[in-house]
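J.: Dropping the structure in here first, questions after.
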Amino acid sequence: MKWKTMKLVSFSNNGQQSFGVISNSGLHAVLAKFKKEFPDLKAVIGSQKVKDLKTFCEEKPIPLSQVTLLPPVPNPGKIICAGMNYRKPYPVDGTAPPDPGNIVIFGRHSDTLVGDGTELERPRGEAAETFDFEGEIIAVIGKSGRFISSADALQHVVGYSIMNEGSVRGWMKHSVHAGKNFHASGSWGPWITTVDEIDDLSSLKLETRVNGKLMQSALAAEMIFSLSELIAYISNLIPLNPGDIIATGSPDGTGGSRNPSVFLKPGDCVEVSVDRIGTLKNYVGH
């Protein structure tokens with residue numbers, strides 16, 4: 001099959017989870033015999049068979065409207081997020097502080113993130129009052145490594161995706177971990193665009209809209225620490241493995257950075273778009 005795009009997707013159809021490739025005509029599910037050997041997309045990435053995946057998919061596409069999209073890697077080994085990686089005024093209406101002297105990272109649990117089109121779970125009680133959105137570009141690790149150099153870092157990336165890194169600002173005052181790990185508070189997807197489709201990560205433009213209003217807009221080139229630097233730093237701490245994901249940070253314009261604040265309400269629609277990747281869209285639950 002000769003396709004112009006290579007987007008990797010995980011999905012649920014009639015209660016069964018599977019994965020495949022997106023083409024211009026729809027979703028091509030992986031063949032059953034291939035799925036027996038490689039049960040999920042993480043296994044395919046780990047086996048270094050991503051480039052061959054489309055040869056093991058059904059010819060006939062499934063309309064995307066007939067499936068529920070899952071996080072592209074439903075079971076990532078690690079979800080590592082970069083904090084304070086774009087310049088932004090702080091406190092609100094203040095001047096931008098000096099760049100951080102070092103990379104700032106934290107982790108999320110896999111069940112804090114849902115797929116494209118799935119409703120976000122609005123926190124209960126007081127936590128709901130400071131529920132915020134954060135558009136981010138994600139890198140998906142395709143090859144294991146430890147002590148990776150910045151020069152070699154991008155060789156370990158299989159593709160890119162999008163995250164709405166939902167945060168509860170009030171709980172971040174308790175701890176970053178608490179504020180970032182409310183169940184189903186964020187999302188990522190809708191798919192992974194493989195690296196051969198993205199010739200220059202720095203040229204990618206991220207935009208976040210809430211109910212159609214533009215809230216965030218920035219180029220990846222505006223990151224304080226590049227993806228290569230993030231990978232090198234993280235791999236100095238821990239090994240990186242296929243299927244791990246790295247969220248590269250969120251630019252200015254989030255609800256908590258505005259005066260007055262603009263936090264998410266029931267029914268709000270959050271759309272995060274990135275050039276050559278796509279748009280991640282979710283509604284906030286009631």
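Simple scheme: letters A, B, ... for chains in structure tokens order, numbers from 1 for residues in each chain, numbers from 1 for ligands in the order shown.
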Per residue of range 17-127 of chain A within 8 Å of range 140-144 of chain A, what are the shortest atom pair and its distance in Å to one decimal, counting only C-alpha atoms, with rows by chain and residue number, as a Markdown table?
T.:
```
| residue | atom | partner | partner_atom | distance |
| --- | --- | --- | --- | --- |
| A:Ile45 | CA | A:Gly142 | CA | 5.8 |
| A:Gly46 | CA | A:Gly142 | CA | 6.6 |
| A:Gln48 | CA | A:Gly142 | CA | 7.4 |
```
J.: For the residues in that selection, give me N, CA and C atoms as a short mmCIF file (atom, residue, chain, number, x, y, z; two decimals), in the first residue's frame.
T.:
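Printed below is part-v7.cif as written:
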```
data_model
loop_
_atom_site.label_atom_id
_atom_site.label_comp_id
_atom_site.auth_asym_id
_atom_site.auth_seq_id
_atom_site.Cartn_x
_atom_site.Cartn_y
_atom_site.Cartn_z
N ILE A 45 6.47 -0.97 18.24
CA ILE A 45 7.54 0.02 18.36
C ILE A 45 8.81 -0.63 18.92
N GLY A 46 8.64 -1.46 19.93
CA GLY A 46 9.78 -2.12 20.55
C GLY A 46 10.48 -3.11 19.62
N GLN A 48 10.88 -2.63 16.49
CA GLN A 48 11.45 -1.87 15.37
C GLN A 48 10.76 -2.20 14.04
#
```
J.: Run DSSP on the backbone and tell me which residues of range 101-255 of chain A come out as helix (DSSP H, G or I); list them as a ChimeraX atom specification.
T.: /A:110-112,125-130,153-156,169-172,176-180,195-197,201-203,220-222,227-237,255
J.: Go ahead and save the residues from that selection, with N, CA and C atoms, as a compact mmCIF listing (two decimals), in the first residue's frame.
T.:
```txt
# COMPACT_ATOMS: atom_id res chain seq x y z
N SER A 110 -0.50 6.73 33.58
CA SER A 110 -1.16 6.51 32.29
C SER A 110 -2.67 6.72 32.37
N ASP A 111 -3.29 6.43 33.52
CA ASP A 111 -4.75 6.58 33.59
C ASP A 111 -5.20 8.01 33.83
N THR A 112 -4.25 8.96 33.84
CA THR A 112 -4.63 10.37 33.90
C THR A 112 -4.90 10.94 32.52
N GLY A 125 -15.53 18.88 43.52
CA GLY A 125 -15.35 19.81 44.64
C GLY A 125 -14.47 20.99 44.31
N GLU A 126 -13.68 21.39 45.28
CA GLU A 126 -12.83 22.57 45.15
C GLU A 126 -11.82 22.43 44.01
N ALA A 127 -11.37 21.22 43.73
CA ALA A 127 -10.38 21.02 42.66
C ALA A 127 -10.92 21.46 41.31
N ALA A 128 -12.23 21.38 41.10
CA ALA A 128 -12.82 21.76 39.82
C ALA A 128 -12.66 23.25 39.53
N GLU A 129 -12.44 24.05 40.56
CA GLU A 129 -12.38 25.50 40.39
C GLU A 129 -11.10 25.97 39.70
N THR A 130 -10.08 25.12 39.66
CA THR A 130 -8.80 25.52 39.03
C THR A 130 -8.33 24.47 38.03
N ALA A 153 20.17 12.10 20.23
CA ALA A 153 18.88 11.97 20.90
C ALA A 153 17.72 11.70 19.94
N LEU A 154 17.65 12.44 18.84
CA LEU A 154 16.50 12.31 17.95
C LEU A 154 16.46 10.98 17.22
N GLN A 155 17.57 10.26 17.21
CA GLN A 155 17.59 8.92 16.62
C GLN A 155 16.77 7.93 17.46
N HIS A 156 16.45 8.32 18.69
CA HIS A 156 15.68 7.46 19.59
C HIS A 156 14.19 7.76 19.55
N ARG A 169 -4.58 23.58 39.18
CA ARG A 169 -3.61 24.54 39.71
C ARG A 169 -3.61 24.61 41.22
N GLY A 170 -4.78 24.56 41.83
CA GLY A 170 -4.84 24.63 43.29
C GLY A 170 -4.13 23.48 43.96
N TRP A 171 -4.20 22.31 43.34
CA TRP A 171 -3.55 21.12 43.94
C TRP A 171 -2.06 21.10 43.65
N MET A 172 -1.62 21.87 42.66
CA MET A 172 -0.17 21.96 42.43
C MET A 172 0.52 22.67 43.58
N VAL A 176 3.34 19.15 42.88
CA VAL A 176 3.18 19.06 41.43
C VAL A 176 2.53 17.74 41.07
N HIS A 177 2.93 16.66 41.73
CA HIS A 177 2.39 15.34 41.43
C HIS A 177 0.87 15.32 41.59
N ALA A 178 0.37 15.91 42.66
CA ALA A 178 -1.08 15.91 42.89
C ALA A 178 -1.80 16.69 41.81
N GLY A 179 -1.32 17.89 41.51
CA GLY A 179 -1.99 18.73 40.53
C GLY A 179 -1.98 18.18 39.12
N LYS A 180 -1.03 17.30 38.84
CA LYS A 180 -0.87 16.77 37.49
C LYS A 180 -1.44 15.37 37.31
N VAL A 195 8.48 10.06 12.47
CA VAL A 195 9.51 11.10 12.30
C VAL A 195 9.80 11.42 10.83
N ASP A 196 9.58 10.47 9.93
CA ASP A 196 9.86 10.74 8.53
C ASP A 196 8.91 11.78 7.94
N GLU A 197 7.80 12.06 8.66
CA GLU A 197 6.85 13.08 8.21
C GLU A 197 7.20 14.46 8.76
N LEU A 201 11.47 19.55 13.74
CA LEU A 201 10.58 19.70 14.89
C LEU A 201 10.43 21.17 15.29
N SER A 202 11.50 21.94 15.22
CA SER A 202 11.47 23.32 15.70
C SER A 202 10.49 24.19 14.92
N SER A 203 10.15 23.78 13.70
CA SER A 203 9.25 24.58 12.87
C SER A 203 7.78 24.33 13.18
N ALA A 220 7.70 25.32 18.29
CA ALA A 220 8.55 24.43 19.09
C ALA A 220 9.93 25.04 19.28
N ALA A 221 10.35 25.89 18.35
CA ALA A 221 11.66 26.54 18.46
C ALA A 221 11.75 27.44 19.69
N GLU A 222 10.61 27.81 20.28
CA GLU A 222 10.60 28.68 21.45
C GLU A 222 10.86 27.94 22.76
N LEU A 227 14.18 19.33 22.55
CA LEU A 227 13.88 17.91 22.77
C LEU A 227 15.16 17.10 22.93
N SER A 228 16.17 17.40 22.15
CA SER A 228 17.44 16.67 22.27
C SER A 228 18.02 16.81 23.67
N GLU A 229 17.95 18.03 24.23
CA GLU A 229 18.45 18.25 25.59
C GLU A 229 17.60 17.52 26.62
N LEU A 230 16.29 17.49 26.41
CA LEU A 230 15.40 16.78 27.33
C LEU A 230 15.73 15.30 27.36
N ILE A 231 15.88 14.71 26.18
CA ILE A 231 16.18 13.27 26.10
C ILE A 231 17.51 12.96 26.76
N ALA A 232 18.52 13.77 26.51
CA ALA A 232 19.83 13.55 27.11
C ALA A 232 19.74 13.62 28.63
N TYR A 233 19.02 14.62 29.13
CA TYR A 233 18.89 14.81 30.59
C TYR A 233 18.15 13.64 31.23
N ILE A 234 17.00 13.29 30.65
CA ILE A 234 16.19 12.22 31.24
C ILE A 234 16.93 10.89 31.20
N SER A 235 17.61 10.60 30.09
CA SER A 235 18.30 9.32 29.97
C SER A 235 19.52 9.22 30.87
N ASN A 236 19.96 10.34 31.40
CA ASN A 236 21.02 10.31 32.40
C ASN A 236 20.49 9.84 33.75
N LEU A 237 19.17 10.03 33.95
CA LEU A 237 18.54 9.60 35.20
C LEU A 237 18.08 8.16 35.12
N GLY A 255 -5.10 28.87 31.17
CA GLY A 255 -6.11 29.58 31.94
C GLY A 255 -5.59 30.21 33.20
```
J.: I'd like to know which of A:Glu165, A:Glu207, A:Glu119, A:Glu37 is closest to Ala247 in chain A, using only C-alpha atoms.
T.: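 Smallest distance to Ala247 in chain A is found for A:Glu165.
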J.: Out of A:Pro63, A:Gly145, A:Gly166, A:Gly285, which residue has the shortest atom-to-atom distance to Ser25 in chain A when counting only C-alpha atoms?
T.: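 Once distances to Ser25 in chain A are computed over only C-alpha atoms, the minimum belongs to A:Pro63.
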J.: Interatomic distance between CA of Tyr86 in chain A and CA of Gly256 in chain A?
T.: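 Going from CA of Tyr86 in chain A over to CA of Gly256 in chain A covers 15.0 Å.
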J.: When you look at Asn14 in chain A with a cut-off of 10 Å (counting only C-alpha atoms), what residues show up, excluding the ones that are within fewer than 4 positions of it in the same chain? I need them as a list in words.
T.: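 The filter keeps Gln66, Val67 and Thr68 of chain A.
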J.: The selected residues should be written to file as a tab-separated table (two decimals), in the first residue's frame (atoms: all heavy atoms).
T.:
```tsv
chain	number	residue	atom	x	y	z
A	66	GLN	N	-16.40	5.37	13.15
A	66	GLN	CA	-16.92	4.11	13.69
A	66	GLN	C	-16.12	3.57	14.87
A	66	GLN	O	-16.49	2.55	15.46
A	66	GLN	CB	-16.95	3.05	12.58
A	66	GLN	CG	-17.96	3.34	11.48
A	66	GLN	CD	-18.04	2.23	10.45
A	66	GLN	OE1	-17.49	1.13	10.64
A	66	GLN	NE2	-18.74	2.49	9.35
A	67	VAL	N	-15.02	4.23	15.22
A	67	VAL	CA	-14.17	3.73	16.30
A	67	VAL	C	-13.99	4.78	17.38
A	67	VAL	O	-14.26	5.96	17.17
A	67	VAL	CB	-12.79	3.29	15.76
A	67	VAL	CG1	-12.94	2.28	14.65
A	67	VAL	CG2	-11.97	4.49	15.31
A	68	THR	N	-13.53	4.33	18.53
A	68	THR	CA	-13.14	5.23	19.61
A	68	THR	C	-11.62	5.24	19.68
A	68	THR	O	-10.99	4.18	19.84
A	68	THR	CB	-13.69	4.74	20.96
A	68	THR	OG1	-15.12	4.75	20.91
A	68	THR	CG2	-13.23	5.64	22.10
```
J.: Just the strand (DSSP E or B) stuff from range 85-169 of chain A, please, per backbone DSSP, written as a list in words.
T.: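 Answer for range 85-169 of chain A restricted to strand (DSSP E or B) is Val104, Ile105, Phe106, Gly107, Leu113, Val114, Leu120, Phe131, Asp132, Gly135, Glu136, Ile137, Ile138, Ala139, Val140, Ile141, Gly145, Val157, Val158, Gly159, Tyr160, Ser161, Ile162, Met163, Asn164, Ser167 and Val168 of chain A.
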J.: List the spatial neighbours of Ile79 in chain A as a PyMOL selection string - criterion: any atom at most 8 Å away, only C-alpha atoms, same-chain residues fewer than 6 positions off excluded.
T.: chain A and resi 107-110+244-247
J.: Using only C-alpha atoms, pick whichever of A:Ser149, A:Asn211, A:Asn241, A:Ser217 has the shortest atom-to-atom distance to Lys78 in chain A.
T.: A:Asn241
J.: Tell me which of A:Gly278, A:Asn24, A:Ile138, A:Ser226 sits closest to Ala151 in chain A, counting only C-alpha atoms.
T.: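 Using only C-alpha atoms, Ala151 in chain A sits closest to A:Ser226.
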J.: Excluding Ile277 in chain A and residues on its chain fewer than 3 positions from it, collect all residues at most 9 Å away from it, counting only C-alpha atoms, and give them as a PyMOL selection string.
T.: chain A and resi 7+160-162+190-193+197-198+204+273-274
J.: Output N, CA and C atoms of each residue in that selection to a file, as a short mmCIF file (atom, residue, chain, number, x, y, z; two decimals), in the first residue's frame.
T.:
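What follows is the written file selection.cif:
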```cif
data_model
loop_
_atom_site.label_atom_id
_atom_site.label_comp_id
_atom_site.auth_asym_id
_atom_site.auth_seq_id
_atom_site.Cartn_x
_atom_site.Cartn_y
_atom_site.Cartn_z
N LYS A 7 0.66 7.51 10.05
CA LYS A 7 0.19 7.87 11.38
C LYS A 7 -0.24 6.59 12.09
N TYR A 160 5.84 11.79 16.75
CA TYR A 160 5.37 12.90 17.56
C TYR A 160 3.85 12.87 17.67
N SER A 161 3.37 13.40 18.80
CA SER A 161 1.94 13.46 19.02
C SER A 161 1.62 14.74 19.80
N ILE A 162 0.40 14.83 20.33
CA ILE A 162 -0.10 16.04 20.98
C ILE A 162 -0.68 15.68 22.35
N PRO A 190 -4.20 12.67 18.42
CA PRO A 190 -5.06 11.50 18.19
C PRO A 190 -4.30 10.27 17.70
N TRP A 191 -3.07 10.51 17.24
CA TRP A 191 -2.21 9.44 16.72
C TRP A 191 -0.76 9.86 16.85
N ILE A 192 0.14 9.00 16.41
CA ILE A 192 1.56 9.32 16.35
C ILE A 192 1.93 9.53 14.89
N THR A 193 2.46 10.70 14.57
CA THR A 193 3.00 10.96 13.23
C THR A 193 4.47 10.59 13.25
N GLU A 197 7.80 12.06 8.66
CA GLU A 197 6.85 13.08 8.21
C GLU A 197 7.20 14.46 8.76
N ILE A 198 8.10 14.52 9.75
CA ILE A 198 8.46 15.79 10.42
C ILE A 198 9.94 16.03 10.20
N LEU A 204 7.47 23.33 14.01
CA LEU A 204 6.08 23.00 14.31
C LEU A 204 5.44 24.10 15.15
N SER A 273 -3.84 21.88 18.41
CA SER A 273 -3.43 21.57 17.04
C SER A 273 -1.93 21.79 16.89
N VAL A 274 -1.30 20.91 16.12
CA VAL A 274 0.12 21.04 15.79
C VAL A 274 0.29 20.75 14.31
#
```
J.: Counting only C-alpha atoms, which of A:Phe106, A:Phe11, A:Phe263, A:Phe147 gets nearest to His28 in chain A?
T.: A:Phe11
J.: Go through A:Asp116, A:Asp52, A:Glu136, A:Asp40 one by one, measure the shortest atom-to-atom distance of each to Ala82 in chain A using only C-alpha atoms, and give the residue with the smallest value.
T.: A:Glu136
